[in-house]
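As provided, structure02.tsv (TSV, C-alpha atoms) reads as follows.
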chain	number	residue	atom	x	y	z
A	1	GLY	CA	156.30	147.11	130.25
A	2	ARG	CA	159.49	145.21	130.98
A	3	HIS	CA	162.92	146.80	130.81
A	4	ARG	CA	164.26	146.89	127.27
A	5	PRO	CA	167.96	145.99	126.98
A	6	SER	CA	170.16	148.09	124.72
A	7	GLY	CA	173.00	145.72	123.92
A	8	HIS	CA	175.06	148.53	122.39
A	9	GLY	CA	172.28	149.40	119.95
A	10	ILE	CA	171.31	145.85	118.93
A	11	MET	CA	167.66	146.23	119.86
A	12	ASP	CA	167.45	149.73	118.36
A	13	LEU	CA	168.56	148.27	115.04
A	14	LEU	CA	166.21	145.28	115.19
A	15	GLU	CA	163.20	147.38	116.20
A	16	SER	CA	163.87	150.29	113.83
A	17	GLY	CA	161.81	148.92	110.95
A	18	GLU	CA	164.85	149.33	108.72
A	19	CYS	CA	166.65	146.40	107.13
A	20	THR	CA	169.30	145.12	109.56
A	21	LYS	CA	172.28	143.38	107.94
A	22	ILE	CA	173.68	140.66	110.19
A	23	ALA	CA	176.73	138.42	109.70
A	24	ALA	CA	175.69	135.00	110.99
A	25	PRO	CA	177.97	132.93	113.24
A	26	MET	CA	180.39	130.81	111.21
A	27	VAL	CA	182.77	128.21	112.60
A	28	ARG	CA	186.39	129.39	112.40
A	29	PHE	CA	185.52	132.47	110.32
A	30	SER	CA	183.71	134.73	112.79
A	31	LYS	CA	186.77	135.65	114.88
A	32	LEU	CA	187.76	139.25	115.62
A	33	PRO	CA	189.69	140.04	112.36
A	34	TRP	CA	186.83	138.72	110.23
A	35	ARG	CA	184.31	140.73	112.22
A	36	HIS	CA	186.26	143.92	111.52
A	37	VAL	CA	186.34	143.14	107.80
A	38	VAL	CA	182.59	142.54	107.50
A	39	ARG	CA	181.86	145.65	109.56
A	40	SER	CA	183.95	147.69	107.10
A	41	TRP	CA	181.60	146.42	104.38
A	42	GLY	CA	178.50	147.77	106.12
A	43	THR	CA	177.32	144.92	108.32
A	44	ASP	CA	175.16	146.21	111.18
A	45	ILE	CA	175.48	143.34	113.70
A	46	VAL	CA	178.09	140.58	113.80
A	47	TYR	CA	178.17	137.25	115.64
A	48	SER	CA	181.09	135.43	117.21
A	49	PRO	CA	181.60	131.78	116.24
A	50	MET	CA	179.67	129.27	118.34
A	51	ILE	CA	181.46	128.84	121.68
A	52	MET	CA	181.02	125.73	123.84
A	53	ALA	CA	179.68	127.05	127.14
A	54	ASP	CA	181.12	124.20	129.22
A	55	SER	CA	184.75	124.89	128.21
A	56	PHE	CA	184.17	128.67	128.36
A	57	ILE	CA	183.03	128.35	131.98
A	58	ALA	CA	185.81	125.96	132.93
A	59	SER	CA	188.87	128.19	132.66
A	60	GLN	CA	190.16	131.68	131.94
A	61	ARG	CA	192.58	130.15	129.43
A	62	ALA	CA	189.68	128.68	127.45
A	63	ARG	CA	187.92	132.04	127.51
A	64	ASN	CA	191.01	133.80	126.19
A	65	ILE	CA	191.32	131.28	123.36
A	66	GLU	CA	187.65	131.25	122.44
A	67	PHE	CA	186.80	134.93	122.66
A	68	SER	CA	188.60	138.20	122.03
A	69	THR	CA	187.19	141.63	121.31
A	70	ASN	CA	188.06	145.34	121.36
A	71	PRO	CA	186.17	148.66	121.63
A	72	HIS	CA	185.54	148.78	117.85
A	73	ASP	CA	183.95	145.30	117.77
A	74	THR	CA	180.36	146.38	118.28
A	75	PRO	CA	177.45	145.69	118.07
A	76	LEU	CA	178.42	142.07	118.79
A	77	ILE	CA	176.44	138.96	119.69
A	78	VAL	CA	178.34	136.08	121.29
A	79	GLN	CA	176.79	132.71	120.54
A	80	PHE	CA	177.00	129.78	122.95
A	81	ALA	CA	176.18	126.10	122.66
A	82	ALA	CA	175.00	124.76	126.01
A	83	HIS	CA	173.63	121.53	127.45
A	84	SER	CA	171.66	123.01	130.34
A	85	ASP	CA	170.13	126.15	131.78
A	86	LYS	CA	172.93	126.34	134.36
A	87	GLU	CA	175.63	126.27	131.66
A	88	PHE	CA	173.99	129.02	129.60
A	89	GLY	CA	173.30	131.04	132.74
A	90	ASP	CA	176.91	130.67	133.93
A	91	ALA	CA	178.19	131.82	130.52
A	92	ALA	CA	175.83	134.81	130.59
A	93	GLU	CA	177.00	135.82	134.05
A	94	LEU	CA	180.67	135.52	133.07
A	95	MET	CA	180.07	137.78	130.06
A	96	ARG	CA	178.31	140.34	132.25
A	97	SER	CA	180.94	140.28	135.00
A	98	GLY	CA	183.64	140.68	132.34
A	99	GLY	CA	182.08	143.96	131.23
A	100	PHE	CA	180.59	142.73	127.94
A	101	THR	CA	177.89	145.06	126.62
A	102	GLY	CA	176.59	143.22	123.55
A	103	GLY	CA	174.14	140.34	123.23
A	104	ILE	CA	174.32	136.61	123.90
A	105	ASP	CA	172.69	133.92	121.81
A	106	LEU	CA	171.84	130.26	122.33
A	107	ASN	CA	172.54	127.94	119.41
A	108	CYS	CA	169.53	125.67	118.92
A	109	GLY	CA	170.19	125.00	115.26
A	110	CYS	CA	173.52	123.27	114.65
A	111	PRO	CA	172.53	120.06	112.80
A	112	GLN	CA	175.93	118.35	112.83
A	113	LYS	CA	175.89	114.78	114.11
A	114	TRP	CA	178.42	115.39	116.90
A	115	ALA	CA	176.36	118.31	118.23
A	116	VAL	CA	173.12	116.35	118.24
A	117	GLN	CA	174.82	113.42	120.01
A	118	GLU	CA	176.13	115.87	122.64
A	119	GLY	CA	172.63	117.22	123.24
A	120	ILE	CA	173.39	120.72	121.95
A	121	GLY	CA	172.42	122.69	118.84
A	122	SER	CA	169.41	121.30	117.00
A	123	ALA	CA	169.01	118.54	119.64
A	124	LEU	CA	167.42	121.27	121.78
A	125	LEU	CA	164.59	121.68	119.25
A	126	ARG	CA	163.15	118.46	120.69
A	127	LYS	CA	163.31	119.96	124.20
A	128	PRO	CA	161.26	123.17	124.23
A	129	GLU	CA	161.07	123.17	128.05
A	130	THR	CA	164.88	123.13	128.20
A	131	ILE	CA	165.11	126.07	125.81
A	132	LYS	CA	162.56	127.91	127.96
A	133	SER	CA	164.56	127.39	131.16
A	134	MET	CA	167.82	128.31	129.41
A	135	VAL	CA	166.38	131.64	128.27
A	136	ARG	CA	165.05	132.24	131.79
A	137	GLN	CA	168.43	131.61	133.41
A	138	ALA	CA	170.26	133.80	130.93
A	139	LYS	CA	167.79	136.65	131.41
A	140	LEU	CA	168.13	136.39	135.18
A	141	ARG	CA	171.92	136.40	135.12
A	142	ALA	CA	172.94	138.49	132.10
A	143	GLY	CA	171.91	141.82	133.59
A	144	GLN	CA	169.32	144.28	132.35
A	145	ASP	CA	171.18	145.61	129.32
A	146	MET	CA	172.30	142.40	127.61
A	147	PRO	CA	169.87	141.11	124.96
A	148	VAL	CA	169.34	137.35	125.05
A	149	SER	CA	168.39	135.58	121.82
A	150	ILE	CA	168.05	132.09	120.39
A	151	LYS	CA	168.83	130.76	116.92
A	152	ILE	CA	166.52	127.93	115.85
A	153	ARG	CA	165.45	125.97	112.77
A	154	ILE	CA	161.99	125.26	111.41
A	155	HIS	CA	160.24	122.02	112.33
A	156	PRO	CA	158.41	119.91	109.74
A	157	ASP	CA	155.25	121.05	111.57
A	158	LEU	CA	155.44	124.82	112.05
A	159	ARG	CA	153.18	124.62	115.08
A	160	ASP	CA	156.15	123.11	116.92
A	161	THR	CA	158.35	126.04	115.87
A	162	ILE	CA	155.74	128.57	116.99
A	163	HIS	CA	155.46	126.69	120.31
A	164	ILE	CA	159.20	127.20	120.94
A	165	VAL	CA	158.93	130.87	119.95
A	166	LYS	CA	156.06	131.42	122.39
A	167	MET	CA	157.85	129.61	125.23
A	168	ALA	CA	161.00	131.68	124.68
A	169	GLU	CA	158.94	134.87	124.52
A	170	SER	CA	157.27	133.99	127.83
A	171	MET	CA	160.73	133.99	129.46
A	172	GLY	CA	161.68	137.36	127.99
A	173	VAL	CA	163.75	136.41	124.93
A	174	ASP	CA	164.64	139.66	123.13
A	175	PHE	CA	164.72	138.39	119.55
A	176	ILE	CA	164.87	135.12	117.61
A	177	THR	CA	166.78	134.05	114.50
A	178	LEU	CA	165.08	131.39	112.38
A	179	HIS	CA	166.93	129.26	109.84
A	180	GLY	CA	164.51	128.20	107.12
A	181	ARG	CA	165.57	124.55	106.93
A	182	THR	CA	164.75	121.66	109.23
A	183	ALA	CA	167.48	119.98	111.24
A	184	ALA	CA	167.27	116.96	108.91
A	185	ALA	CA	167.56	119.03	105.71
A	186	LYS	CA	170.66	118.93	103.53
A	187	PRO	CA	172.72	122.14	103.14
A	188	ASN	CA	171.68	122.42	99.47
A	189	ASP	CA	167.96	122.02	100.16
A	190	PRO	CA	166.00	125.21	99.49
A	191	VAL	CA	165.28	127.57	102.39
A	192	ASP	CA	161.57	127.83	103.20
A	193	PHE	CA	161.11	131.60	103.41
A	194	GLU	CA	157.32	131.19	103.48
A	195	ALA	CA	157.70	129.22	106.72
A	196	ILE	CA	159.84	132.02	108.16
A	197	LYS	CA	157.10	134.49	107.20
A	198	VAL	CA	154.43	132.41	108.97
A	199	VAL	CA	156.50	132.23	112.16
A	200	ARG	CA	157.35	135.92	111.98
A	201	GLU	CA	153.66	136.80	111.85
A	202	ALA	CA	153.12	134.72	114.99
A	203	SER	CA	156.03	136.33	116.87
A	204	SER	CA	155.86	139.29	119.21
A	205	VAL	CA	159.64	139.88	119.24
A	206	PRO	CA	161.87	140.69	116.24
A	207	LEU	CA	162.45	137.62	114.06
A	208	VAL	CA	165.60	137.45	111.90
A	209	ALA	CA	165.54	135.39	108.68
A	210	ASN	CA	168.53	133.10	108.15
A	211	GLY	CA	169.67	130.80	105.37
A	212	ASP	CA	170.99	131.24	101.81
A	213	ILE	CA	171.36	135.01	102.23
A	214	LYS	CA	174.72	135.47	100.54
A	215	CYS	CA	174.68	139.01	99.14
A	216	LEU	CA	172.77	142.29	99.44
A	217	ASP	CA	170.45	141.34	96.56
A	218	ASP	CA	169.41	138.27	98.59
A	219	VAL	CA	168.71	140.53	101.57
A	220	SER	CA	166.38	142.71	99.48
A	221	LYS	CA	164.56	139.70	98.00
A	222	VAL	CA	163.95	138.14	101.41
A	223	ARG	CA	162.83	141.42	102.94
A	224	ASP	CA	160.38	142.04	100.08
A	225	ARG	CA	158.64	138.75	100.83
Rewritten as structure tokens:
Amino acid sequence: GRHRPSGHGIMDLLESGECTKIAAPMVRFSKLPWRHVVRSWGTDIVYSPMIMADSFIASQRARNIEFSTNPHDTPLIVQFAAHSDKEFGDAAELMRSGGFTGGIDLNCGCPQKWAVQEGIGSALLRKPETIKSMVRQAKLRAGQDMPVSIKIRIHPDLRDTIHIVKMAESMGVDFITLHGRTAAAKPNDPVDFEAIKVVREASSVPLVANGDIKCLDDVSKVRDR
């Protein structure tokens, strides 16, 4: 079989069969101090906020502003928004060359109008071939021990979601996070956990449920589905 990345224990947690508690990426909130707080409350894996790959690549100053960490900030997944496979690959290589030992994630779910107009976030859900090539580039350039993941949303037709999952799997994606709303849904619309279950059963890599999971009781309810 293919080499299995460690990502400072990320894949061990996701493949353990135990419930893995993950703090999702949140704009402004998910900076280093916040990550330490949620870790102290028993979170297993924490995400950075979404970072724009183009500005991250452009300058060391941008990287210093956008991302800071320390030896206690682990396991960590750094999430990028990218327009192209080259951008995501460049960001992956910069993380590797900087000595980062966690995971990197591609945001394919942000539904905000500005993101869709820029061709990032949920705009990528309409471009499965682009997602496929982005995963491929990141896997080629991130090094053997850095897990590469994507965060997506459900489509109105779940066959389209499963198609993206299968394409990403074919390029070696290590795990997938699925938000149980469509890109057109409103934030208060209910999360379709049955849809997440259908996609999970079709997946051959770990699939993380996302959406409306606000406390440990919610975690237990979703897991019991």
| request: Tell me, as a count of residues only, which residues lie within 9 Å of Asp192 (chain A), counting only C-alpha atoms; anything in the same chain fewer than 6 positions away does not count. | output: 5
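Using all atoms listed in the file for every distance, the candidate list A:Val135, A:Met171, A:Ala91, A:Ile213 yields A:Ala91 as the residue closest to Ser59 (chain A).
A cut-off of 7 Å from the point (172.7, 137.6, 107.7), with all atoms listed in the file, picks out the residues A:Lys21, A:Ile22, A:Ala23, A:Ala24, A:Asn210, A:Ile213.
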| Hey, which of A:Val165, A:Ala82, A:Cys19, A:Ile196 ends up closest to Arg223 (chain A)? Count only C-alpha atoms. |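 Under the stated criterion, the closest residue is A:Cys19.
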| said: Need to verify the contact set: Gly121 (chain A), 10 Å, all atoms listed in the file, exclusion of same-chain residues closer than 5 positions in sequence. Can you return it as a list in words? | reply: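 Close residues of Gly121 (chain A): Met50, Phe80, Ala81, Ala82, His83, Leu106, Asn107, Cys108, Gly109, Cys110, Pro111, Gln112, Lys113, Trp114, Ala115, Val116, Lys151, Ile152, Arg153 and Ala183 of chain A.
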